[in-house]
Structure formats: structure tokens, C-alpha cells
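A.B. asks: Quick one: the structure is below, and I'll ask about it shortly.
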Amino acid sequence: MKSKLSLFLPLVFVLGLAVVVSCSSSGSKGGMGIGKSSRQRLAIALLESPRAQFANYHVSGRRDNATALDNMKQTAAGVPAARSSYGTAPGGYVQLHPEMLRAMKILTDKGYSFHVTSIAGSSHSSRSRHYLGTAFDINKVNGVPVRSGSPYWREVIRICEGLGATETLGPGDRGHSTHIHVAWPRPPGM
Ligand SMILES: [Zn+2]
């Protein structure tokens, strides 16, 4: 009994120290040696959440480093998200909009699970807000594919509108019979 306790107490101390060290370092270390941005923290939390899933492919079948999963990993690492370079997609990089990421996080907090098929990547309409990092597409909510008669997706659109989305499309809108599109305003100067 005595030997177990003598082993246990130092272990508690070491674990406690590890918690203190990891808490203080997460606040001060970022991708560039400065504090993590809110978009970076949100991307990390979303990648860790089992409710938020991000496609590692494009619906088009094209392969590049701009899938929804790539974009989230890039943002979590503190670097801009890659855009695709096919169709009308302009290539290059863009920072993801923090308010958009916050809306994804709030959806998970409210208990929704969803599958994101595109953020800044893929080819969309020529002046798509995807290319500005303010839009994302979802093809499944709570495991149910987005279709005109299916539940949940209208709730997701309503929640996103309440969180600042100003462009929302889904079944019933042209080109959106199998996914919803939610977008935040064009950043100034873009
Ligand atoms: Zn879209």
C-alpha cells in the first residue's frame, strides 16, 4: 500500500505539471511563433470534433491540395487555405473567414454532425465566395444526404443565417439539389 501511494503521488504531480505546461504553451505558441489566430484554434477544434467531417476528395474527382480536409489542415497549421486551379477556380491561397469557421463550430456544439464537401477549393461559379474563403458546402447532415425531402439541412441554413451567412442555397435552387451552400459576406476589397 505504501509503495503504491509513493508511486501515485509523484505521478499526480507530473501529470499536473504536464497540464500546466501544455495550457501555457498552447496560448503562446502558434504557427509562426506568435499566438494562434481564432481561425486556427477553430480549425483545430473542428478537426478534432467527430461531428465535423471534411472530404478528402473533390466531387469533380480532380486531385489537388485544396480539398475541404486540406483547407482545414492548412488553417489549423496557421497557413492560408489552397484554392483549386481547374474550371473557374483561380488557384492561389486564401485565409478562411473566422465567422464561417465559428458557425461550423456552433453547429457541432448544437449537436449537428455534417460532411463538408468544399470550402475554398473545387471549381464553382466564376465569382463564387468559395474563392474568398467565406463559403462552404455540405452534402450530409446527421448522416442524412441533403435532398429536397430530407430533414435537418433547412435547420442548418437557418442557424447559419442567424450567424451572419448572407448567401444560402439548397435543394430547390439551381445546381444545389444534393448539397447546401452557405456563405458569409465578401470581405472588404475582395
Ligand atoms: Zn457552394
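Convention: chains lettered A, B, ... in C-alpha cells order; per-chain residue numbering from 1; ligands numbered from 1 as shown.
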Which residues sit within 12 Å of ligand 1, counting only C-alpha atoms and all ligand atoms, listed as a ChimeraX atom specification?

C.D. replies: /A:59,68,116-139,167-170,173-184

A.B. asks: Could you pull the residues within 12 Å of segment 107-109 of chain A, counting only C-alpha atoms, minus those fewer than 3 positions along the same chain, as a VMD selection string?

C.D. replies: chain A and resid 42 45 to 53 100 to 104 112 to 115 141 to 142 152 to 153 155 to 160 162 to 163

A.B. asks: Could you take the residues named above and write them with N, CA and C atoms, as an mmCIF file, in the first residue's frame?

C.D. replies:
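Final file, out39.cif:
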data_model
loop_
_atom_site.group_PDB
_atom_site.id
_atom_site.type_symbol
_atom_site.label_atom_id
_atom_site.label_comp_id
_atom_site.auth_asym_id
_atom_site.auth_seq_id
_atom_site.Cartn_x
_atom_site.Cartn_y
_atom_site.Cartn_z
ATOM 1 N N LEU A 42 -10.134 27.484 -34.132
ATOM 2 C CA LEU A 42 -11.402 26.896 -34.567
ATOM 3 C C LEU A 42 -11.157 25.707 -35.493
ATOM 4 N N ALA A 45 -10.107 22.715 -33.422
ATOM 5 C CA ALA A 45 -11.250 22.149 -32.698
ATOM 6 C C ALA A 45 -12.164 21.372 -33.646
ATOM 7 N N LEU A 46 -12.374 21.908 -34.843
ATOM 8 C CA LEU A 46 -13.263 21.234 -35.799
ATOM 9 C C LEU A 46 -12.650 19.934 -36.303
ATOM 10 N N LEU A 47 -11.341 19.933 -36.526
ATOM 11 C CA LEU A 47 -10.685 18.695 -36.978
ATOM 12 C C LEU A 47 -10.745 17.623 -35.893
ATOM 13 N N GLU A 48 -10.771 18.059 -34.636
ATOM 14 C CA GLU A 48 -10.836 17.101 -33.528
ATOM 15 C C GLU A 48 -12.262 16.616 -33.265
ATOM 16 N N SER A 49 -13.250 17.361 -33.754
ATOM 17 C CA SER A 49 -14.645 17.011 -33.476
ATOM 18 C C SER A 49 -15.111 15.857 -34.364
ATOM 19 N N PRO A 50 -15.682 14.808 -33.768
ATOM 20 C CA PRO A 50 -16.222 13.725 -34.597
ATOM 21 C C PRO A 50 -17.473 14.147 -35.359
ATOM 22 N N ARG A 51 -18.079 15.275 -34.986
ATOM 23 C CA ARG A 51 -19.302 15.724 -35.661
ATOM 24 C C ARG A 51 -19.015 16.417 -36.992
ATOM 25 N N ALA A 52 -17.838 17.016 -37.106
ATOM 26 C CA ALA A 52 -17.488 17.734 -38.339
ATOM 27 C C ALA A 52 -16.580 16.851 -39.190
ATOM 28 N N GLN A 53 -17.046 16.561 -40.409
ATOM 29 C CA GLN A 53 -16.233 15.742 -41.309
ATOM 30 C C GLN A 53 -15.959 16.518 -42.587
ATOM 31 N N MET A 100 -17.184 32.145 -40.486
ATOM 32 C CA MET A 100 -17.657 30.911 -41.120
ATOM 33 C C MET A 100 -17.223 29.699 -40.292
ATOM 34 N N LEU A 101 -15.968 29.703 -39.863
ATOM 35 C CA LEU A 101 -15.468 28.590 -39.049
ATOM 36 C C LEU A 101 -16.206 28.533 -37.713
ATOM 37 N N ARG A 102 -16.503 29.715 -37.148
ATOM 38 C CA ARG A 102 -17.227 29.750 -35.881
ATOM 39 C C ARG A 102 -18.625 29.143 -36.051
ATOM 40 N N ALA A 103 -19.254 29.398 -37.175
ATOM 41 C CA ALA A 103 -20.587 28.824 -37.431
ATOM 42 C C ALA A 103 -20.509 27.295 -37.488
ATOM 43 N N MET A 104 -19.464 26.769 -38.136
ATOM 44 C CA MET A 104 -19.293 25.299 -38.163
ATOM 45 C C MET A 104 -19.173 24.768 -36.739
ATOM 46 N N TYR A 112 -25.278 19.021 -34.164
ATOM 47 C CA TYR A 112 -25.377 18.601 -35.567
ATOM 48 C C TYR A 112 -24.069 17.947 -36.005
ATOM 49 N N SER A 113 -24.185 16.902 -36.809
ATOM 50 C CA SER A 113 -23.000 16.375 -37.476
ATOM 51 C C SER A 113 -23.200 16.606 -38.974
ATOM 52 N N PHE A 114 -22.115 16.846 -39.673
ATOM 53 C CA PHE A 114 -22.240 17.210 -41.089
ATOM 54 C C PHE A 114 -20.964 16.867 -41.840
ATOM 55 N N HIS A 115 -21.119 16.757 -43.160
ATOM 56 C CA HIS A 115 -19.996 16.430 -44.036
ATOM 57 C C HIS A 115 -19.792 17.585 -45.005
ATOM 58 N N VAL A 141 -26.236 15.916 -43.459
ATOM 59 C CA VAL A 141 -26.433 16.424 -42.101
ATOM 60 C C VAL A 141 -26.983 15.297 -41.237
ATOM 61 N N ASN A 142 -26.351 15.067 -40.101
ATOM 62 C CA ASN A 142 -26.758 13.979 -39.193
ATOM 63 C C ASN A 142 -26.852 12.642 -39.934
ATOM 64 N N TYR A 152 -33.248 18.271 -41.559
ATOM 65 C CA TYR A 152 -32.039 18.877 -40.964
ATOM 66 C C TYR A 152 -31.403 20.011 -41.772
ATOM 67 N N TRP A 153 -31.291 19.868 -43.102
ATOM 68 C CA TRP A 153 -30.498 20.866 -43.816
ATOM 69 C C TRP A 153 -31.104 22.259 -43.747
ATOM 70 N N GLU A 155 -32.600 23.466 -41.169
ATOM 71 C CA GLU A 155 -32.216 23.982 -39.845
ATOM 72 C C GLU A 155 -30.793 24.531 -39.895
ATOM 73 N N VAL A 156 -29.908 23.813 -40.596
ATOM 74 C CA VAL A 156 -28.517 24.265 -40.700
ATOM 75 C C VAL A 156 -28.453 25.609 -41.412
ATOM 76 N N ILE A 157 -29.230 25.748 -42.490
ATOM 77 C CA ILE A 157 -29.261 27.022 -43.216
ATOM 78 C C ILE A 157 -29.765 28.136 -42.296
ATOM 79 N N ARG A 158 -30.825 27.852 -41.551
ATOM 80 C CA ARG A 158 -31.403 28.882 -40.661
ATOM 81 C C ARG A 158 -30.392 29.300 -39.589
ATOM 82 N N ILE A 159 -29.691 28.332 -39.019
ATOM 83 C CA ILE A 159 -28.689 28.648 -37.987
ATOM 84 C C ILE A 159 -27.567 29.496 -38.586
ATOM 85 N N CYS A 160 -27.106 29.114 -39.777
ATOM 86 C CA CYS A 160 -26.015 29.877 -40.413
ATOM 87 C C CYS A 160 -26.462 31.296 -40.737
ATOM 88 N N GLY A 162 -28.565 32.983 -39.052
ATOM 89 C CA GLY A 162 -28.550 33.674 -37.762
ATOM 90 C C GLY A 162 -27.146 34.044 -37.321
ATOM 91 N N LEU A 163 -26.150 33.388 -37.914
ATOM 92 C CA LEU A 163 -24.750 33.645 -37.555
ATOM 93 C C LEU A 163 -24.045 34.461 -38.632
#

A.B. asks: According to DSSP computed on the backbone, where in segment 48-149 of chain A is there alpha helix (DSSP H)? Give the residues as a list in words.

C.D. replies: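 So the alpha helix (DSSP H) residues in segment 48-149 of chain A would be Glu48, Ala68, Leu69, Asp70, Asn71, Met72, Lys73, Gln74, Thr75, Ala76, Pro98, Glu99, Met100, Leu101, Arg102, Ala103, Met104, Lys105, Ile106, Leu107, Thr108 and Asp109 of chain A.
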
A.B. asks: Could you write out the selected residues, including N, CA, C and O atoms, as an mmCIF file, in the first residue's frame?

C.D. replies:
data_model
loop_
_atom_site.group_PDB
_atom_site.id
_atom_site.type_symbol
_atom_site.label_atom_id
_atom_site.label_comp_id
_atom_site.auth_asym_id
_atom_site.auth_seq_id
_atom_site.Cartn_x
_atom_site.Cartn_y
_atom_site.Cartn_z
ATOM 1 N N GLU A 48 -10.771 18.059 -34.636
ATOM 2 C CA GLU A 48 -10.836 17.101 -33.528
ATOM 3 C C GLU A 48 -12.262 16.616 -33.265
ATOM 4 O O GLU A 48 -12.455 15.602 -32.607
ATOM 5 N N ALA A 68 -11.608 19.977 -48.936
ATOM 6 C CA ALA A 68 -12.092 20.563 -47.677
ATOM 7 C C ALA A 68 -11.182 20.155 -46.518
ATOM 8 O O ALA A 68 -10.844 20.987 -45.658
ATOM 9 N N LEU A 69 -10.744 18.893 -46.506
ATOM 10 C CA LEU A 69 -9.849 18.442 -45.437
ATOM 11 C C LEU A 69 -8.496 19.155 -45.524
ATOM 12 O O LEU A 69 -7.955 19.594 -44.503
ATOM 13 N N ASP A 70 -7.967 19.298 -46.747
ATOM 14 C CA ASP A 70 -6.704 20.039 -46.914
ATOM 15 C C ASP A 70 -6.844 21.458 -46.354
ATOM 16 O O ASP A 70 -5.979 21.943 -45.623
ATOM 17 N N ASN A 71 -7.950 22.119 -46.705
ATOM 18 C CA ASN A 71 -8.168 23.507 -46.273
ATOM 19 C C ASN A 71 -8.208 23.621 -44.755
ATOM 20 O O ASN A 71 -7.666 24.569 -44.179
ATOM 21 N N MET A 72 -8.831 22.655 -44.100
ATOM 22 C CA MET A 72 -8.906 22.698 -42.635
ATOM 23 C C MET A 72 -7.540 22.433 -42.008
ATOM 24 O O MET A 72 -7.158 23.078 -41.025
ATOM 25 N N LYS A 73 -6.795 21.498 -42.571
ATOM 26 C CA LYS A 73 -5.463 21.206 -42.035
ATOM 27 C C LYS A 73 -4.520 22.387 -42.246
ATOM 28 O O LYS A 73 -3.705 22.700 -41.385
ATOM 29 N N GLN A 74 -4.639 23.044 -43.396
ATOM 30 C CA GLN A 74 -3.806 24.216 -43.658
ATOM 31 C C GLN A 74 -4.121 25.323 -42.649
ATOM 32 O O GLN A 74 -3.210 25.923 -42.074
ATOM 33 N N THR A 75 -5.419 25.542 -42.419
ATOM 34 C CA THR A 75 -5.829 26.589 -41.476
ATOM 35 C C THR A 75 -5.389 26.239 -40.056
ATOM 36 O O THR A 75 -4.926 27.106 -39.312
ATOM 37 N N ALA A 76 -5.510 24.972 -39.690
ATOM 38 C CA ALA A 76 -5.076 24.533 -38.360
ATOM 39 C C ALA A 76 -3.568 24.732 -38.179
ATOM 40 O O ALA A 76 -3.093 24.982 -37.069
ATOM 41 N N PRO A 98 -13.073 33.668 -40.285
ATOM 42 C CA PRO A 98 -13.293 33.152 -38.928
ATOM 43 C C PRO A 98 -14.766 32.984 -38.566
ATOM 44 O O PRO A 98 -15.123 32.033 -37.874
ATOM 45 N N GLU A 99 -15.625 33.892 -39.042
ATOM 46 C CA GLU A 99 -17.053 33.783 -38.704
ATOM 47 C C GLU A 99 -17.665 32.514 -39.308
ATOM 48 O O GLU A 99 -18.551 31.896 -38.723
ATOM 49 N N MET A 100 -17.184 32.145 -40.486
ATOM 50 C CA MET A 100 -17.657 30.911 -41.120
ATOM 51 C C MET A 100 -17.223 29.699 -40.292
ATOM 52 O O MET A 100 -18.026 28.787 -40.033
ATOM 53 N N LEU A 101 -15.968 29.703 -39.863
ATOM 54 C CA LEU A 101 -15.468 28.590 -39.049
ATOM 55 C C LEU A 101 -16.206 28.533 -37.713
ATOM 56 O O LEU A 101 -16.519 27.454 -37.205
ATOM 57 N N ARG A 102 -16.503 29.715 -37.148
ATOM 58 C CA ARG A 102 -17.227 29.750 -35.881
ATOM 59 C C ARG A 102 -18.625 29.143 -36.051
ATOM 60 O O ARG A 102 -19.102 28.429 -35.183
ATOM 61 N N ALA A 103 -19.254 29.398 -37.175
ATOM 62 C CA ALA A 103 -20.587 28.824 -37.431
ATOM 63 C C ALA A 103 -20.509 27.295 -37.488
ATOM 64 O O ALA A 103 -21.372 26.601 -36.943
ATOM 65 N N MET A 104 -19.464 26.769 -38.136
ATOM 66 C CA MET A 104 -19.293 25.299 -38.163
ATOM 67 C C MET A 104 -19.173 24.768 -36.739
ATOM 68 O O MET A 104 -19.786 23.760 -36.380
ATOM 69 N N LYS A 105 -18.391 25.472 -35.924
ATOM 70 C CA LYS A 105 -18.169 25.035 -34.537
ATOM 71 C C LYS A 105 -19.478 25.073 -33.750
ATOM 72 O O LYS A 105 -19.790 24.145 -32.994
ATOM 73 N N ILE A 106 -20.247 26.132 -33.939
ATOM 74 C CA ILE A 106 -21.520 26.263 -33.217
ATOM 75 C C ILE A 106 -22.479 25.149 -33.639
ATOM 76 O O ILE A 106 -23.204 24.594 -32.809
ATOM 77 N N LEU A 107 -22.464 24.788 -34.915
ATOM 78 C CA LEU A 107 -23.308 23.667 -35.372
ATOM 79 C C LEU A 107 -22.943 22.385 -34.633
ATOM 80 O O LEU A 107 -23.827 21.639 -34.199
ATOM 81 N N THR A 108 -21.647 22.131 -34.466
ATOM 82 C CA THR A 108 -21.243 20.919 -33.731
ATOM 83 C C THR A 108 -21.657 21.042 -32.266
ATOM 84 O O THR A 108 -22.107 20.075 -31.662
ATOM 85 N N ASP A 109 -21.512 22.243 -31.697
ATOM 86 C CA ASP A 109 -21.907 22.449 -30.295
ATOM 87 C C ASP A 109 -23.404 22.213 -30.093
ATOM 88 O O ASP A 109 -23.837 21.781 -29.025
#

A.B. asks: Can you list, as a list in words, every residue of chain A that DSSP puts in strand (DSSP E or B)?

C.D. replies: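 Across chain A, those assigned strand (DSSP E or B) are Ala52, Gln53, Phe54, Ala81, Ala82, Tyr93, Val94, Phe114, His115, Val116, Thr117, Ser118, Ala135, Phe136, Asp137, Ile138, Asn139, Lys140, Val141, Val144, Pro145, Glu167, Thr168, Leu169, Ile180, His181, Val182 and Ala183 of chain A.
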
A.B. asks: Using Å and a single decimal, report how far atom CA of Ala66 of chain A sits from atom CA of Pro187 of chain A.

C.D. replies: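 Computing it gives 20.5 Å between the two atoms.
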
A.B. asks: Between atom CA of Ser150 of chain A and atom CA of Gly111 of chain A, what is the distance in Å, rounded to a tenth?

C.D. replies: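 So the answer is 17.6 Å.
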
A.B. asks: Which of these, A:Pro145, A:Pro171, A:Pro80, A:Pro151, has the shortest distance to His97 of chain A once you count only C-alpha atoms?

C.D. replies: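 Closest residue, counting only C-alpha atoms: A:Pro80.
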